[in-house]
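Asker: Data: structure28.txt, compact mmCIF, C-alpha atoms.
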```txt
# COMPACT_ATOMS: atom_id res chain seq x y z
CA MET A 48 1.77 11.75 -7.17
CA SER A 49 -1.45 9.79 -7.50
CA LEU A 50 -4.63 11.76 -8.07
CA ASP A 51 -7.31 11.73 -5.38
CA PHE A 52 -10.57 13.45 -4.48
CA ASP A 53 -10.37 15.06 -1.06
CA LEU A 54 -13.13 17.21 0.46
CA MET A 55 -10.50 18.84 2.65
CA ASN A 56 -8.90 20.40 -0.44
CA PRO A 57 -10.57 23.81 -1.00
CA GLY A 58 -9.60 23.86 -4.66
CA THR A 59 -11.25 20.51 -5.27
CA VAL A 60 -14.41 21.64 -3.46
CA GLN A 61 -14.61 24.86 -5.47
CA ASN A 62 -13.91 23.29 -8.87
CA PRO A 63 -13.58 19.48 -9.05
CA TYR A 64 -13.86 19.27 -12.84
CA PRO A 65 -10.15 19.51 -13.81
CA LEU A 66 -9.43 16.69 -11.36
CA PHE A 67 -12.29 14.61 -12.72
CA ARG A 68 -10.96 15.10 -16.24
CA GLU A 69 -7.50 13.89 -15.22
CA LEU A 70 -8.98 10.89 -13.41
CA ARG A 71 -11.14 9.95 -16.42
CA GLU A 72 -8.09 10.07 -18.67
CA GLN A 73 -6.43 7.46 -16.42
CA GLY A 74 -9.47 5.20 -16.16
CA PRO A 75 -13.10 4.98 -15.06
CA VAL A 76 -12.57 3.71 -11.49
CA HIS A 77 -9.93 4.68 -8.90
CA TRP A 78 -9.14 3.81 -5.28
CA SER A 79 -9.21 6.89 -3.04
CA PRO A 80 -7.18 6.80 0.20
CA ALA A 81 -8.75 10.12 1.23
CA MET A 82 -12.29 8.77 0.80
CA ASN A 83 -11.40 5.19 1.79
CA GLY A 84 -13.46 4.00 -1.16
CA TRP A 85 -13.66 3.76 -4.94
CA LEU A 86 -14.19 6.82 -7.14
CA VAL A 87 -16.20 6.28 -10.33
CA VAL A 88 -15.80 9.14 -12.81
CA GLU A 89 -16.71 7.90 -16.31
CA TYR A 90 -20.30 8.19 -17.58
CA GLU A 91 -21.00 4.55 -18.40
CA ALA A 92 -19.34 3.35 -15.20
CA VAL A 93 -21.31 5.85 -13.09
CA ARG A 94 -24.52 4.81 -14.82
CA GLU A 95 -23.81 1.15 -14.12
CA ALA A 96 -22.87 1.86 -10.50
CA ALA A 97 -26.13 3.77 -10.00
CA ARG A 98 -28.26 1.06 -11.61
CA THR A 99 -26.70 -2.27 -10.67
CA GLN A 100 -28.09 -4.33 -7.81
CA LYS A 101 -24.62 -5.79 -7.25
CA PHE A 102 -24.11 -2.70 -5.11
CA SER A 103 -26.24 -1.84 -2.11
CA VAL A 104 -27.68 1.64 -1.52
CA ASP A 105 -27.63 0.96 2.23
CA SER A 106 -24.40 2.89 2.63
CA MET A 107 -25.32 3.83 6.20
CA GLY A 108 -25.95 0.23 7.34
CA PRO A 109 -22.34 -0.65 8.21
CA PHE A 110 -21.98 2.68 9.99
CA PHE A 111 -25.10 2.11 12.07
CA GLU A 112 -23.86 -1.35 13.03
CA ALA A 113 -20.48 0.03 14.10
CA LYS A 114 -22.14 2.79 16.16
CA ARG A 115 -24.81 0.58 17.71
CA LYS A 116 -23.96 1.75 21.26
CA ASP A 117 -23.98 5.45 20.43
CA PRO A 118 -27.34 6.83 21.65
CA VAL A 119 -27.27 9.81 19.28
CA VAL A 120 -26.64 7.69 16.19
CA LYS A 121 -29.20 5.12 17.37
CA GLU A 122 -31.90 7.77 17.57
CA LEU A 123 -31.03 9.08 14.11
CA GLU A 124 -31.06 5.56 12.73
CA ALA A 125 -34.66 5.05 13.88
CA TYR A 126 -35.89 7.11 10.93
CA VAL A 127 -33.00 7.61 8.49
CA ARG A 128 -32.59 3.88 7.94
CA HIS A 129 -36.09 3.76 6.46
CA TRP A 130 -35.41 6.42 3.82
CA LEU A 131 -36.22 5.07 0.37
CA VAL A 132 -32.81 6.13 -0.98
CA MET A 133 -31.13 3.82 1.54
CA VAL A 134 -33.25 0.70 1.04
CA ASP A 135 -32.56 -2.23 -1.30
CA PRO A 136 -35.08 -4.54 -3.01
CA PRO A 137 -37.42 -6.17 -2.25
CA ARG A 138 -38.28 -3.70 0.51
CA HIS A 139 -37.45 -0.84 -1.84
CA SER A 140 -40.26 -1.87 -4.22
CA ARG A 141 -42.88 -1.76 -1.46
CA LEU A 142 -41.77 1.63 -0.13
CA ARG A 143 -41.50 3.14 -3.60
CA ALA A 144 -45.05 2.00 -4.37
CA ALA A 145 -46.27 3.55 -1.12
CA MET A 146 -44.59 6.88 -1.84
CA SER A 147 -45.41 7.13 -5.54
CA LYS A 148 -49.16 7.06 -4.79
CA GLY A 149 -48.74 10.45 -3.13
CA LEU A 150 -46.76 11.88 -6.05
CA ALA A 151 -49.24 11.32 -8.87
CA ALA A 152 -48.72 13.50 -11.95
CA SER A 153 -52.11 15.16 -11.47
CA ARG A 154 -51.16 16.25 -7.95
CA ILE A 155 -47.78 17.61 -9.12
CA ASN A 156 -49.24 19.51 -12.09
CA ALA A 157 -51.92 21.02 -9.89
CA MET A 158 -49.13 22.71 -7.90
CA GLU A 159 -48.18 25.07 -10.77
CA PRO A 160 -50.36 28.06 -9.71
CA THR A 161 -49.11 27.67 -6.12
CA ILE A 162 -45.48 27.59 -7.23
CA ARG A 163 -45.97 30.74 -9.32
CA ARG A 164 -47.68 32.51 -6.42
CA PHE A 165 -44.90 31.60 -3.99
CA ALA A 166 -42.21 32.67 -6.49
CA ASP A 167 -43.92 36.01 -7.10
CA GLN A 168 -44.11 36.66 -3.36
CA LEU A 169 -40.41 36.01 -2.92
CA PHE A 170 -39.43 38.02 -6.01
CA ASP A 171 -41.46 40.96 -4.71
CA ASN A 172 -39.15 41.14 -1.69
CA PHE A 173 -36.11 41.67 -3.91
CA GLU A 174 -37.28 45.16 -4.85
CA GLN A 175 -36.73 46.32 -1.27
CA HIS A 176 -32.98 45.57 -1.27
CA ASP A 177 -29.86 46.68 -3.14
CA GLU A 178 -28.23 43.28 -2.55
CA VAL A 179 -29.92 39.88 -2.25
CA ASP A 180 -28.54 36.52 -1.20
CA PHE A 181 -30.49 34.53 -3.78
CA ILE A 182 -30.08 31.29 -1.86
CA ARG A 183 -31.30 32.60 1.47
CA GLU A 184 -34.08 34.77 0.05
CA PHE A 185 -35.37 32.56 -2.76
CA ALA A 186 -33.64 29.28 -3.64
CA TYR A 187 -33.96 27.92 -0.11
CA PRO A 188 -37.46 29.01 0.91
CA LEU A 189 -39.29 28.31 -2.36
CA PRO A 190 -38.72 24.51 -2.53
CA ALA A 191 -39.43 24.21 1.19
CA MET A 192 -42.70 26.09 0.77
CA VAL A 193 -43.65 23.94 -2.23
CA VAL A 194 -42.91 20.57 -0.68
CA GLY A 195 -44.59 21.66 2.54
CA LYS A 196 -47.74 22.66 0.66
CA LEU A 197 -47.66 19.41 -1.33
CA MET A 198 -47.48 17.41 1.88
CA GLY A 199 -50.11 19.50 3.61
CA VAL A 200 -47.86 21.08 6.23
CA PRO A 201 -49.49 24.27 7.61
CA ASP A 202 -47.77 27.45 6.41
CA ALA A 203 -46.94 28.46 9.98
CA LEU A 204 -44.84 25.31 10.42
CA LEU A 205 -42.84 25.65 7.20
CA PRO A 206 -39.96 27.73 8.67
CA GLU A 207 -39.46 25.20 11.48
CA ILE A 208 -39.69 22.21 9.12
CA LYS A 209 -37.03 23.81 6.92
CA GLU A 210 -34.78 24.51 9.92
CA TRP A 211 -35.08 20.93 11.15
CA SER A 212 -34.25 19.65 7.68
CA ASP A 213 -31.13 21.84 7.68
CA ASP A 214 -30.17 20.33 11.03
CA LEU A 215 -30.65 16.83 9.66
CA ALA A 216 -28.26 17.66 6.82
CA GLN A 217 -25.51 17.82 9.43
CA PHE A 218 -25.72 14.03 9.59
CA VAL A 219 -26.92 12.96 6.15
CA SER A 220 -24.52 15.07 4.05
CA ALA A 221 -20.93 14.21 4.91
CA GLY A 222 -18.87 17.31 5.56
CA PRO A 223 -16.07 18.77 7.69
CA GLY A 224 -16.20 19.76 11.33
CA ASN A 225 -16.70 18.00 14.64
CA ARG A 226 -18.85 14.95 13.89
CA GLU A 227 -20.30 14.58 17.39
CA GLN A 228 -21.47 18.18 17.41
CA ARG A 229 -23.02 17.84 13.94
CA TRP A 230 -24.75 14.60 14.94
CA GLU A 231 -26.23 16.17 18.05
CA ILE A 232 -27.66 19.03 15.97
CA ALA A 233 -29.08 16.46 13.54
CA ARG A 234 -30.64 14.42 16.36
CA LYS A 235 -32.55 17.45 17.61
CA GLY A 236 -33.74 18.22 14.09
CA SER A 237 -34.83 14.65 13.50
CA ARG A 238 -36.61 14.44 16.86
CA ASN A 239 -38.51 17.69 16.29
CA MET A 240 -39.48 16.82 12.74
CA ALA A 241 -40.64 13.34 13.78
CA ALA A 242 -42.82 14.79 16.55
CA CYS A 243 -44.30 17.31 14.14
CA PHE A 244 -45.18 14.67 11.56
CA GLN A 245 -46.56 12.36 14.24
CA GLU A 246 -49.01 15.10 15.19
CA LEU A 247 -49.90 15.85 11.54
CA ILE A 248 -50.46 12.13 10.88
CA GLY A 249 -52.85 11.95 13.83
CA LYS A 250 -54.83 14.90 12.44
CA ARG A 251 -55.01 13.31 8.96
CA ARG A 252 -56.42 10.11 10.46
CA LYS A 253 -59.21 12.12 12.08
CA GLN A 254 -59.91 14.76 9.44
CA GLY A 255 -58.48 13.50 6.13
CA GLY A 256 -57.49 15.85 3.32
CA GLU A 257 -56.44 16.09 -0.33
CA ASP A 258 -52.67 16.33 0.20
CA MET A 259 -49.87 13.83 -0.17
CA LEU A 260 -49.59 13.15 3.55
CA THR A 261 -53.22 12.04 3.64
CA GLN A 262 -52.46 9.50 0.90
CA TRP A 263 -49.41 8.26 2.77
CA VAL A 264 -51.40 7.89 6.00
CA LYS A 265 -53.91 5.79 4.07
CA ASN A 266 -51.01 3.68 2.77
CA ARG A 267 -49.84 3.19 6.37
CA ASP A 268 -53.30 2.13 7.49
CA ASP A 269 -53.47 -0.26 4.53
CA GLY A 270 -50.13 -1.78 5.56
CA ILE A 271 -48.06 -0.59 2.57
CA PHE A 272 -45.99 1.38 5.05
CA GLU A 273 -45.48 -1.34 7.64
CA THR A 274 -44.49 0.88 10.58
CA ASP A 275 -44.89 4.46 11.73
CA GLU A 276 -41.09 4.76 11.57
CA GLU A 277 -41.19 3.96 7.84
CA LEU A 278 -43.87 6.58 7.27
CA ILE A 279 -42.23 9.30 9.36
CA GLY A 280 -38.76 8.53 8.03
CA ASN A 281 -39.90 9.00 4.46
CA CYS A 282 -41.72 12.20 5.39
CA GLN A 283 -38.33 13.42 6.63
CA GLN A 284 -36.68 12.30 3.40
CA MET A 285 -39.32 14.04 1.28
CA VAL A 286 -38.72 17.35 3.04
CA PHE A 287 -34.94 16.98 2.93
CA ALA A 288 -34.63 15.77 -0.66
CA GLY A 289 -37.47 17.95 -1.89
CA HIS A 290 -35.81 21.22 -0.98
CA GLU A 291 -32.05 20.68 -0.60
CA THR A 292 -31.51 19.51 -4.18
CA THR A 293 -33.97 21.95 -5.79
CA THR A 294 -32.29 24.81 -3.93
CA ASN A 295 -29.04 23.83 -5.63
CA LEU A 296 -30.77 23.58 -9.02
CA PHE A 297 -32.02 27.18 -8.79
CA ALA A 298 -28.79 28.66 -7.45
CA ASN A 299 -26.33 26.68 -9.56
CA GLY A 300 -28.37 27.34 -12.69
CA LEU A 301 -28.65 31.09 -12.17
CA TYR A 302 -24.98 31.39 -11.20
CA HIS A 303 -23.83 29.78 -14.43
CA LEU A 304 -26.33 31.75 -16.50
CA LEU A 305 -24.77 34.94 -15.14
CA ARG A 306 -21.28 33.65 -15.91
CA ASN A 307 -22.43 32.91 -19.46
CA PRO A 308 -24.30 36.04 -20.61
CA ASP A 309 -24.82 34.62 -24.11
CA GLN A 310 -26.93 31.89 -22.53
CA MET A 311 -28.91 34.39 -20.49
CA THR A 312 -29.60 36.24 -23.73
CA LEU A 313 -30.89 33.04 -25.30
CA LEU A 314 -33.24 32.55 -22.35
CA ARG A 315 -34.49 36.12 -22.61
CA GLU A 316 -35.06 35.68 -26.34
CA GLY A 317 -37.29 32.67 -25.88
CA ALA A 318 -35.17 29.55 -25.37
CA ASP A 319 -37.20 26.79 -23.72
CA PRO A 320 -36.73 27.07 -19.92
CA ALA A 321 -37.49 23.35 -19.53
CA THR A 322 -34.56 22.49 -21.83
CA ALA A 323 -32.40 24.99 -19.96
CA VAL A 324 -33.22 23.26 -16.67
CA GLU A 325 -31.95 19.95 -18.06
CA GLU A 326 -28.65 21.64 -18.91
CA PHE A 327 -28.36 23.19 -15.43
CA LEU A 328 -28.91 19.72 -13.98
CA ARG A 329 -26.06 18.41 -16.13
CA TYR A 330 -23.61 21.28 -15.94
CA GLU A 331 -23.55 21.68 -12.14
CA SER A 332 -25.60 18.78 -10.86
CA PRO A 333 -27.33 19.39 -7.49
CA VAL A 334 -26.40 15.80 -6.60
CA HIS A 335 -22.65 15.29 -6.41
CA THR A 336 -22.36 11.54 -5.96
CA PHE A 337 -24.30 8.31 -5.54
CA THR A 338 -22.92 6.30 -2.64
CA ARG A 339 -23.01 2.51 -2.77
CA VAL A 340 -21.57 -0.50 -0.90
CA VAL A 341 -20.09 -3.55 -2.66
CA LYS A 342 -22.17 -6.65 -1.83
CA GLU A 343 -19.59 -9.28 -2.76
CA ASP A 344 -16.10 -9.43 -4.25
CA MET A 345 -16.21 -8.53 -7.92
CA VAL A 346 -14.39 -6.95 -10.85
CA PHE A 347 -15.86 -3.60 -11.87
CA HIS A 348 -14.48 -1.82 -14.94
CA GLY A 349 -11.07 -3.41 -14.49
CA GLN A 350 -10.77 -2.96 -10.72
CA GLU A 351 -11.07 -5.65 -8.05
CA LEU A 352 -13.65 -4.51 -5.52
CA GLN A 353 -14.12 -6.23 -2.18
CA ALA A 354 -17.35 -6.82 -0.26
CA GLY A 355 -18.06 -3.99 2.15
CA GLN A 356 -16.04 -1.36 0.31
CA ARG A 357 -17.73 1.93 -0.51
CA VAL A 358 -18.22 3.22 -4.02
CA PHE A 359 -18.65 6.92 -4.82
CA ALA A 360 -20.15 7.31 -8.30
CA PHE A 361 -19.82 10.99 -9.19
CA ALA A 362 -22.66 12.26 -11.35
CA THR A 363 -20.80 15.57 -11.56
CA ALA A 364 -17.85 13.80 -13.20
CA ALA A 365 -20.04 11.73 -15.53
CA HIS A 366 -21.77 14.87 -16.78
CA ARG A 367 -18.48 16.24 -18.14
CA ASP A 368 -17.56 13.03 -20.01
CA PRO A 369 -16.75 14.02 -23.63
CA ALA A 370 -17.63 10.50 -24.79
CA VAL A 371 -21.28 11.34 -24.10
CA PHE A 372 -21.58 15.15 -24.12
CA ALA A 373 -20.15 17.29 -26.91
CA ASN A 374 -18.09 20.20 -25.58
CA PRO A 375 -19.00 19.15 -22.01
CA ASP A 376 -17.37 22.07 -20.22
CA ALA A 377 -19.58 24.57 -22.07
CA LEU A 378 -23.03 25.59 -20.82
CA ASP A 379 -25.56 25.14 -23.64
CA ILE A 380 -29.17 25.70 -22.56
CA THR A 381 -30.39 24.37 -25.93
CA ARG A 382 -28.51 21.06 -25.57
CA THR A 383 -30.54 18.05 -26.68
CA PRO A 384 -30.49 15.18 -26.10
CA ASN A 385 -29.21 15.55 -22.56
CA PRO A 386 -28.94 12.15 -20.83
CA HIS A 387 -27.76 13.47 -17.45
CA MET A 388 -28.16 11.48 -14.25
CA ALA A 389 -28.99 14.28 -11.84
CA PHE A 390 -32.06 12.31 -10.72
CA GLY A 391 -30.24 8.99 -10.49
CA ALA A 392 -30.81 5.95 -12.67
CA GLY A 393 -32.69 2.67 -12.66
CA ILE A 394 -34.93 1.67 -9.79
CA HIS A 395 -33.40 4.35 -7.57
CA SER A 396 -34.25 7.29 -9.83
CA CYS A 397 -35.75 10.22 -7.96
CA LEU A 398 -39.51 10.10 -7.39
CA GLY A 399 -39.61 13.87 -7.01
CA ALA A 400 -38.04 14.60 -10.41
CA PRO A 401 -41.31 15.83 -12.03
CA LEU A 402 -41.82 18.33 -9.20
CA ALA A 403 -38.23 19.61 -9.40
CA ARG A 404 -38.49 19.98 -13.17
CA LEU A 405 -41.77 21.87 -12.85
CA GLU A 406 -40.32 24.23 -10.25
CA GLY A 407 -37.21 24.80 -12.36
CA LYS A 408 -39.20 25.50 -15.53
CA ILE A 409 -41.37 28.05 -13.73
CA VAL A 410 -38.48 29.83 -12.01
CA PHE A 411 -36.32 30.19 -15.12
CA GLU A 412 -39.34 31.32 -17.13
CA MET A 413 -40.20 33.96 -14.54
CA LEU A 414 -36.70 35.33 -13.85
CA PRO A 415 -36.22 37.05 -17.25
CA GLN A 416 -39.78 38.35 -17.08
CA ARG A 417 -39.48 39.84 -13.59
CA PHE A 418 -35.96 41.31 -13.88
CA GLU A 419 -34.41 43.21 -16.77
CA ASP A 420 -30.93 42.87 -15.26
CA ILE A 421 -29.27 40.60 -12.70
CA GLN A 422 -25.73 41.31 -11.51
CA LEU A 423 -23.39 38.79 -9.91
CA LEU A 424 -21.79 40.57 -6.94
CA ASP A 425 -19.43 37.77 -5.91
CA PRO A 426 -17.70 36.18 -8.93
CA GLU A 427 -16.51 33.17 -6.88
CA PRO A 428 -19.14 32.24 -4.27
CA PRO A 429 -17.89 29.36 -2.11
CA PHE A 430 -19.23 25.87 -2.69
CA LYS A 431 -20.10 23.75 0.33
CA PRO A 432 -17.61 20.97 1.19
CA LEU A 433 -20.24 18.22 0.94
CA LEU A 434 -19.97 14.79 -0.63
CA LEU A 435 -23.58 14.03 -1.56
CA LEU A 436 -24.79 17.45 -2.67
CA ARG A 437 -23.28 20.17 -4.85
CA GLY A 438 -24.24 23.72 -3.96
CA MET A 439 -22.99 27.12 -2.80
CA GLU A 440 -22.93 28.72 0.63
CA HIS A 441 -24.47 31.92 -0.73
CA LEU A 442 -25.13 33.73 -4.02
CA LYS A 443 -25.10 37.53 -3.69
CA LEU A 444 -26.87 39.35 -6.52
CA ALA A 445 -28.37 42.71 -7.47
CA PHE A 446 -31.73 42.68 -9.28
CA THR A 447 -33.21 45.40 -11.50
CA PRO A 448 -36.99 44.88 -11.84
CA ALA A 449 -38.48 44.85 -15.32
CA ALA A 450 -40.51 47.90 -16.30
```
Can I see the file as structure tokens?
Answerer:
Amino acid sequence: MSLDFDLMNPGTVQNPYPLFRELREQGPVHWSPAMNGWLVVEYEAVREAARTQKFSVDSMGPFFEAKRKDPVVKELEAYVRHWLVMVDPPRHSRLRAAMSKGLAASRINAMEPTIRRFADQLFDNFEQHDEVDFIREFAYPLPAMVVGKLMGVPDALLPEIKEWSDDLAQFVSAGPGNREQRWEIARKGSRNMAACFQELIGKRRKQGGEDMLTQWVKNRDDGIFETDEELIGNCQQMVFAGHETTTNLFANGLYHLLRNPDQMTLLREGADPATAVEEFLRYESPVHTFTRVVKEDMVFHGQELQAGQRVFAFATAAHRDPAVFANPDALDITRTPNPHMAFGAGIHSCLGAPLARLEGKIVFEMLPQRFEDIQLLDPEPPFKPLLLLRGMEHLKLAFTPAA
């Protein structure tokens, strides 16, 4: 029986790494009938797939063309198609320049006191409960609060912005269930978020500010963002990417720390939390796969790929490649160097990586300080059956505050 990656297989969703190992042993690239595309599972091949401009990142383009008459998909396309992660050069270069001006290092670093204050507030709530869902009570709200503050979204709007982003995930992150129902939920989320940002953009034009959104509005007025749809679409992407992936970083990292108590001991004894974060990003990457489309017929690592075919380059598989990482199935929070690809590679590497790293460093520095013991209440929390992202449904824990 040929090996294949299938999101409908619960075992594969829960633990894909044995399958990835078997696939790597047979070769770097495989055709998947279940995915109707090519699976890339070897480090160097994944790196090349993520970097090469022989593939297009506009993986949604063919879908939008095929669904041109569907009013729900058409409304979603109005903004999603402008997301930086789905745009090829030369347009990609212009949009990346527009967005990077709002993500200057000085602005990111200035967020540290705010991140610590938000984290402390959320940790304080743990003391009121015998059992905590770490994802719902911390890993989800913290990144949403941070990215909202960075963009200048009023605190009162943050819960709604987060909810709309969750709705949008029903369309952006491929998963099981009735597609039409998921798309309708996503359309409402996209519509509400777009209206909210349209109002905030109008206020920034009148009043200005020191936040990232103010910089982006200036870029729109200067013509770097050419349309309001480009600006609003990338505001949506910033919210979505800025909290979905960081949520997974926090939860996946803590889960594996608790499954590896020797590593938690190292962290408590002074191991560098920044280095630990890099290992969490490798060991259970928040990003599952990079999706690409073949531009023209070609040979890629021994396989004949045809124009229009989809390519799924699994970062999660690449990060367990023994040709690059010694003892790859072991968590080692002191591992260095650590050339993971959790933030992508090449021109499409994640603009928000410095913010995610800062948040991760702060959280995993604070956790051992705030809590003398953390107990994993569910030894096998379910992972979500998603293609693009890698994260759990919930993470139930018991926390004992430090004296």
Asker: Pick out the residues sitting within 12 Å of Lys101 of chain A, and hand them over as a VMD selection string; count all atoms listed in the file, and ignore anything fewer than 4 positions along from it in its own chain.
Answerer: chain A and resid 95 to 97 135 to 136 339 to 347 352 to 355 358
Asker: Pick out the closest residue to Asp368 of chain A from this set: A:Pro308, A:Pro386, A:Gly108, A:Gly195. Count all atoms listed in the file.
Answerer: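 Nearest candidate to Asp368 of chain A out of A:Pro308, A:Pro386, A:Gly108, A:Gly195: A:Pro386.
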Asker: Give me the residues within 7 Å of segment 399-409 of chain A as a PyMOL selection string, counting only C-alpha atoms and dropping any in the same chain fewer than 4 places off.
Answerer: chain A and resi 155+162-163+289+293+297+320-321+324+390+413
Asker: I'd like the interatomic distance between atom CA of Glu72 of chain A and atom CA of Glu331 of chain A, to a tenth of an Å.
Answerer: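 Pair atom CA of Glu72 of chain A / atom CA of Glu331 of chain A returns 20.4 Å.
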Asker: Restricting the calculation to only C-alpha atoms: of A:Glu89, A:Glu326, A:Asp105, A:Asp51, which residue gets closest to His395 of chain A?
Answerer: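 Using only C-alpha atoms, His395 of chain A sits closest to A:Asp105.
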Asker: Check the smallest atom-to-atom distance from each of A:Leu260, A:Ala362, A:Ala288, A:Leu434 to Phe52 of chain A using all atoms listed in the file, then report the winner.
Answerer: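 The answer is A:Leu434, which sits nearest to Phe52 of chain A.
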Asker: Of the candidates A:Ala81, A:Ala364, A:Ala203, A:Leu435, which shows the shortest atom-to-atom distance to Arg94 of chain A, using all atoms listed in the file?
Answerer: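 Residue with the minimum atom-to-atom distance to Arg94 of chain A: A:Ala364.
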Asker: Residues within 9 Å of segment 208-210 of chain A, please, as a list in words. Count all atoms listed in the file; anything in the same chain fewer than 6 positions from it doesn't count.
Answerer: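 Non-adjacent residues within range: Tyr187, Pro188, Ala191, Met192, Gly195, Val200, Gly236, Asn239, Met240, Cys243, Val286, Phe287 and His290 of chain A.
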Asker: Write out as a list of chain:residue names each polymer residue whose atoms come within 12 Å of Lys250 of chain A, counting all atoms listed in the file; drop sequence neighbours fewer than 3 positions from it.
Answerer: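 In the requested format, the answer is A:Gly199, A:Val200, A:Pro201, A:Cys243, A:Phe244, A:Gln245, A:Glu246, A:Leu247, A:Lys253, A:Gln254, A:Gly255, A:Gly256, A:Leu260, A:Thr261, A:Val264.
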Asker: Could you check the closest approach to Gln262 of chain A for each of A:Leu70, A:Leu50, A:Leu197, A:Ala166 and tell me which residue wins, using all atoms listed in the file?
Answerer: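 Nearest candidate to Gln262 of chain A out of A:Leu70, A:Leu50, A:Leu197, A:Ala166: A:Leu197.
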Asker: Between atom CA of Leu444 of chain A and atom CA of Asp180 of chain A, measure the distance and give it in Å to one decimal.
Answerer: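 According to the coordinates, atom CA of Leu444 of chain A and atom CA of Asp180 of chain A are separated by 6.3 Å.
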Asker: Kindly give the distance, in Å, that separates atom CA of Asp379 of chain A and atom CA of Ala318 of chain A, rounded to a single decimal.
Answerer: 10.7 Å
Asker: Would you mind telling me which residue in A:Ile380, A:Cys397, A:Met388, A:Val179 lies nearest to Thr447 of chain A when using all atoms listed in the file?
Answerer: A:Val179
Asker: Taking (-47.9, 6.1, -2.4) as a centre in this file's frame and 9 Å as the limit, can you find every polymer residue with an atom that close, using only C-alpha atoms, and give them as a list in words?
Answerer: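 Those residues, ordered by chain and then number, are Leu142, Arg143, Ala144, Ala145, Met146, Ser147, Lys148, Gly149, Leu150, Ala151, Met259, Gln262, Trp263, Lys265, Asn266 and Ile271 of chain A.
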Asker: Excluding Glu184 of chain A and its own-chain neighbours fewer than 2 positions away, which residues fall within 12 Å of it when counting only C-alpha atoms? Please give them as a PyMOL selection string.
Answerer: chain A and resi 165-166+168-176+178-182+186-191+294+297-298+441-444
